[in-house]
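Colleague: What follows is work34.tsv; its format and atoms are TSV, C-alpha atoms.
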```
chain	number	residue	atom	x	y	z
V	1	MET	CA	20.87	6.64	-7.08
V	2	ILE	CA	18.66	3.79	-8.32
V	3	LEU	CA	19.68	0.19	-7.67
V	4	ILE	CA	18.71	-2.30	-10.38
V	5	VAL	CA	18.81	-5.80	-8.88
V	6	ASP	CA	19.78	-8.54	-11.33
V	7	MET	CA	17.56	-11.51	-10.44
V	8	ASN	CA	19.13	-13.85	-13.02
V	9	HIS	CA	20.67	-17.07	-11.69
V	10	LYS	CA	24.19	-16.21	-12.81
V	11	LYS	CA	26.07	-12.95	-12.45
V	12	ASP	CA	26.92	-11.33	-15.79
V	13	SER	CA	24.75	-13.79	-17.73
V	14	LEU	CA	23.51	-13.14	-21.27
V	15	ALA	CA	20.11	-12.37	-19.73
V	16	PHE	CA	21.63	-9.16	-18.34
V	17	SER	CA	21.22	-7.55	-21.78
V	18	GLU	CA	17.60	-8.69	-22.04
V	19	PHE	CA	16.33	-7.94	-18.54
V	20	ILE	CA	18.64	-5.34	-16.94
V	21	LEU	CA	19.85	-2.99	-19.67
V	22	PRO	CA	16.33	-2.00	-20.83
V	23	ILE	CA	15.42	-1.04	-17.24
V	24	ILE	CA	18.59	1.01	-16.91
V	25	SER	CA	17.88	2.79	-20.21
V	26	VAL	CA	14.60	4.13	-18.77
V	27	ALA	CA	15.59	4.70	-15.14
V	28	LYS	CA	18.84	6.56	-15.96
V	29	LYS	CA	16.77	9.40	-17.42
V	30	THR	CA	15.74	10.19	-13.83
V	31	ASP	CA	18.80	9.30	-11.74
V	32	THR	CA	22.13	7.51	-11.80
V	33	CYS	CA	21.72	3.73	-11.89
V	34	ILE	CA	23.84	0.89	-10.64
V	35	ALA	CA	23.16	-2.80	-11.29
V	36	LYS	CA	24.09	-5.53	-8.83
V	37	HIS	CA	23.33	-9.23	-8.67
V	38	TYR	CA	20.92	-10.13	-5.87
V	39	SER	CA	23.54	-12.30	-4.17
V	40	ASP	CA	25.83	-9.26	-3.75
V	41	ILE	CA	23.41	-7.03	-1.84
V	42	ASN	CA	23.26	-6.60	1.92
V	43	GLN	CA	20.92	-4.78	4.30
V	44	LYS	CA	23.47	-2.10	5.23
V	45	GLU	CA	23.80	-0.72	1.71
V	46	ILE	CA	20.11	-0.75	0.76
V	47	GLU	CA	19.17	2.51	2.43
V	48	LYS	CA	21.68	4.52	0.39
V	49	TYR	CA	19.57	4.11	-2.77
V	50	SER	CA	16.61	6.33	-3.65
V	51	LYS	CA	14.76	3.50	-5.45
V	52	ILE	CA	15.23	-0.23	-6.03
V	53	ILE	CA	14.05	-2.18	-9.09
V	54	LEU	CA	14.13	-5.99	-9.07
V	55	SER	CA	14.43	-7.39	-12.61
V	56	GLY	CA	12.68	-10.24	-14.35
V	57	THR	CA	14.43	-13.39	-15.57
V	58	ALA	CA	14.18	-15.97	-18.33
V	59	LEU	CA	11.19	-18.35	-18.28
V	60	LYS	CA	13.10	-21.34	-16.91
V	61	ASP	CA	15.15	-19.33	-14.42
V	62	ASN	CA	13.60	-19.52	-10.95
V	63	THR	CA	16.74	-20.01	-8.87
V	64	TYR	CA	16.00	-16.76	-7.01
V	65	LEU	CA	13.00	-18.42	-5.33
V	66	LYS	CA	15.41	-20.77	-3.54
V	67	ASP	CA	17.37	-17.74	-2.34
V	68	ALA	CA	14.55	-15.73	-0.74
V	69	ASP	CA	16.62	-15.41	2.45
V	70	LYS	CA	19.16	-13.32	0.48
V	71	LEU	CA	16.40	-10.78	-0.17
V	72	ALA	CA	14.99	-10.72	3.38
V	73	TRP	CA	16.07	-7.05	3.48
V	74	LEU	CA	12.87	-6.34	1.52
V	75	LYS	CA	10.89	-6.66	4.76
V	76	LYS	CA	12.97	-4.03	6.53
V	77	THR	CA	13.59	-1.47	3.82
V	78	ASN	CA	11.85	1.87	3.64
V	79	THR	CA	13.25	2.50	0.15
V	80	PRO	CA	10.62	2.32	-2.64
V	81	VAL	CA	10.83	-1.01	-4.52
V	82	LEU	CA	9.47	-2.12	-7.89
V	83	GLY	CA	9.64	-5.85	-8.60
V	84	ILE	CA	9.18	-6.89	-12.22
V	85	CYS	CA	7.98	-10.48	-12.90
V	86	ALA	CA	10.59	-12.49	-10.92
V	87	GLY	CA	10.84	-9.39	-8.75
V	88	MET	CA	7.13	-9.61	-7.90
V	89	GLN	CA	7.48	-13.33	-7.23
V	90	ILE	CA	10.41	-12.86	-4.83
V	91	ILE	CA	8.65	-9.99	-3.04
V	92	SER	CA	5.70	-12.29	-2.43
V	93	ALA	CA	7.97	-15.13	-1.29
V	94	VAL	CA	9.82	-12.87	1.17
V	95	PHE	CA	6.47	-11.69	2.56
V	96	GLY	CA	5.33	-15.30	3.08
V	97	SER	CA	3.31	-16.25	0.00
V	98	ASP	CA	3.69	-19.02	-2.54
V	99	THR	CA	3.93	-19.06	-6.30
V	100	LYS	CA	1.47	-21.00	-8.42
V	101	LYS	CA	1.34	-22.03	-12.07
V	102	CYS	CA	0.05	-19.37	-14.46
V	103	MET	CA	1.68	-19.22	-17.87
V	104	GLU	CA	1.23	-16.07	-19.93
V	105	ILE	CA	3.47	-15.33	-22.91
V	106	GLY	CA	2.94	-12.43	-25.31
V	107	MET	CA	0.54	-9.52	-25.20
V	108	THR	CA	-2.14	-9.61	-22.49
V	109	GLU	CA	-4.94	-7.22	-21.58
V	110	ILE	CA	-4.49	-5.74	-18.11
V	111	GLU	CA	-7.30	-4.22	-16.06
V	112	THR	CA	-6.45	-1.67	-13.37
V	113	VAL	CA	-8.58	-2.41	-10.30
V	114	LYS	CA	-7.11	0.09	-7.81
V	115	LYS	CA	-5.84	3.62	-8.32
V	116	ASN	CA	-2.05	3.90	-8.19
V	117	PRO	CA	0.76	6.19	-9.41
V	118	LEU	CA	2.25	3.76	-11.95
V	119	PHE	CA	-0.58	3.16	-14.46
V	120	THR	CA	-4.28	3.80	-15.08
V	121	GLY	CA	-7.13	2.22	-16.99
V	122	ASN	CA	-6.91	-0.88	-19.11
V	123	PHE	CA	-3.88	-1.53	-21.30
V	124	SER	CA	-1.94	-4.22	-23.16
V	125	ALA	CA	1.28	-5.49	-21.63
V	126	TYR	CA	3.97	-7.99	-22.56
V	127	GLU	CA	3.99	-11.16	-20.46
V	128	LEU	CA	6.71	-13.79	-20.07
V	129	HIS	CA	6.08	-15.94	-17.01
V	130	ASN	CA	5.21	-19.45	-15.84
V	131	TRP	CA	4.22	-18.42	-12.32
V	132	THR	CA	2.02	-15.97	-10.47
V	133	VAL	CA	1.72	-15.46	-6.72
V	134	ASP	CA	-0.69	-15.85	-3.88
V	135	ILE	CA	-1.12	-12.28	-2.67
V	136	PRO	CA	0.57	-11.71	0.72
V	137	SER	CA	-1.88	-10.51	3.38
V	138	ASN	CA	-0.16	-7.13	3.71
V	139	PHE	CA	-0.50	-6.41	-0.05
V	140	CYS	CA	-3.41	-5.37	-2.26
V	141	ILE	CA	-4.06	-6.06	-5.95
V	142	LEU	CA	-3.64	-3.08	-8.30
V	143	ALA	CA	-4.25	-4.85	-11.63
V	144	LYS	CA	-5.23	-8.21	-13.06
V	145	SER	CA	-5.53	-10.16	-16.29
V	146	LYS	CA	-8.12	-12.83	-17.03
V	147	LYS	CA	-5.75	-15.41	-15.51
V	148	CYS	CA	-4.11	-13.80	-12.47
V	149	ALA	CA	-3.04	-10.75	-10.47
V	150	GLN	CA	-0.72	-8.53	-12.52
V	151	ALA	CA	0.27	-5.84	-10.03
V	152	ILE	CA	0.37	-5.61	-6.24
V	153	LYS	CA	1.37	-3.03	-3.62
V	154	HIS	CA	2.29	-3.29	0.04
V	155	LYS	CA	-0.49	-1.71	2.12
V	156	LYS	CA	1.89	0.53	4.11
V	157	LYS	CA	5.16	0.75	2.16
V	158	ASP	CA	6.03	1.78	-1.40
V	159	ILE	CA	6.76	-1.79	-2.48
V	160	TYR	CA	5.21	-2.70	-5.82
V	161	GLY	CA	5.23	-5.90	-7.82
V	162	ILE	CA	4.21	-6.22	-11.45
V	163	LEU	CA	4.07	-9.53	-13.30
V	164	PHE	CA	4.29	-8.13	-16.84
V	165	HIS	CA	7.43	-6.63	-18.40
V	166	PRO	CA	7.31	-2.82	-18.70
V	167	GLU	CA	10.90	-2.78	-19.98
V	168	VAL	CA	9.51	-4.34	-23.18
V	169	ARG	CA	6.27	-2.39	-23.48
V	170	ASN	CA	4.84	0.31	-21.17
V	171	ARG	CA	8.28	1.68	-20.32
V	172	GLU	CA	6.60	4.77	-18.86
V	173	ILE	CA	5.70	2.65	-15.81
V	174	ILE	CA	9.40	2.35	-14.94
V	175	GLY	CA	9.78	6.09	-15.55
V	176	ARG	CA	6.89	6.92	-13.23
V	177	PHE	CA	8.32	4.72	-10.50
V	178	ALA	CA	11.78	6.27	-10.90
V	179	GLN	CA	10.32	9.79	-10.70
V	180	SER	CA	7.94	9.15	-7.79
```
Represent the structure contained in this file as structure tokens.
Modeller:
Amino acid sequence: MILIVDMNHKKDSLAFSEFILPIISVAKKTDTCIAKHYSDINQKEIEKYSKIILSGTALKDNTYLKDADKLAWLKKTNTPVLGICAGMQIISAVFGSDTKKCMEIGMTEIETVKKNPLFTGNFSAYELHNWTVDIPSNFCILAKSKKCAQAIKHKKKDIYGILFHPEVRNREIIGRFAQS
């Protein structure tokens, strides 16, 4: 079963349709999916999922960054994780790095800089963010744009972060993660 973590500031917000449902529509082709708000998840239940996907949020929604302690389970989990936009930002925060200003909205050219199972080569991706991250020391960069890192991976665990939105364009990235 795949857990889709709703990173929006309010449970059952209108953003659920924009950021969660498109992820579910791709991931459910591989496995059963369940969506839960990040404030409702605890360490004990995490290991029962085969994969975890952390959603993005609206541009002005960064409440999750104030709640990094509620996602501290990310450090302990052995379950594969994919963080999308806000998901990448919270992964970095949990692993001790800061966010920094980097606005990208619309289509952006992405350059793959390290081989990985999610994507290859250069491609266009949809961006919707005000922030990027300082890369935690135990992560490496997988892809970048002209402005900032676009994808990262933990050096020892299957924890990925991507700043762009594959639920909008490049949906196959979610599919590859769900199947891996």
Colleague: Pick from V:Thr77, V:Thr63, V:Thr32, V:Ser25: nearest to V:Glu45, with all atoms listed in the file counted?
Modeller: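 Under the stated criterion, the closest residue is V:Thr77.
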Colleague: In Å, with one decimal, what is the gap from atom CA of V:Arg169 to atom CA of V:Ser124?
Modeller: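 That distance, rounded to one decimal, is 8.4 Å.
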Colleague: Can you pull out the residues contacting stretch 95-97 of chain V? Cut-off 7 Å, using all atoms listed in the file, and skip same-chain residues under 5 positions away; I want them as a VMD selection string.
Modeller: chain V and resid 133 to 136
Colleague: Which distance in Å separates atom CA of V:Ile110 and atom CA of V:Thr57, to one decimal?
Modeller: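 Interatomic distance, atom CA of V:Ile110 to atom CA of V:Thr57: 20.6 Å.
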Colleague: Taking only C-alpha atoms into account, name the residue in V:Val168, V:Leu54, V:Ala35, V:Ala143 that is nearest to V:Met7.
Modeller: V:Leu54
Colleague: With a distance cut-off of 12 Å and all atoms listed in the file, select the neighbouring residues of V:Leu3, excluding the residue or stretch itself and same-chain residues fewer than 5 positions from it, and output the selection as an MDAnalysis selection string.
Modeller: chainID V and resid 20 23:24 27:28 31:38 40:41 45:55 79:83 178
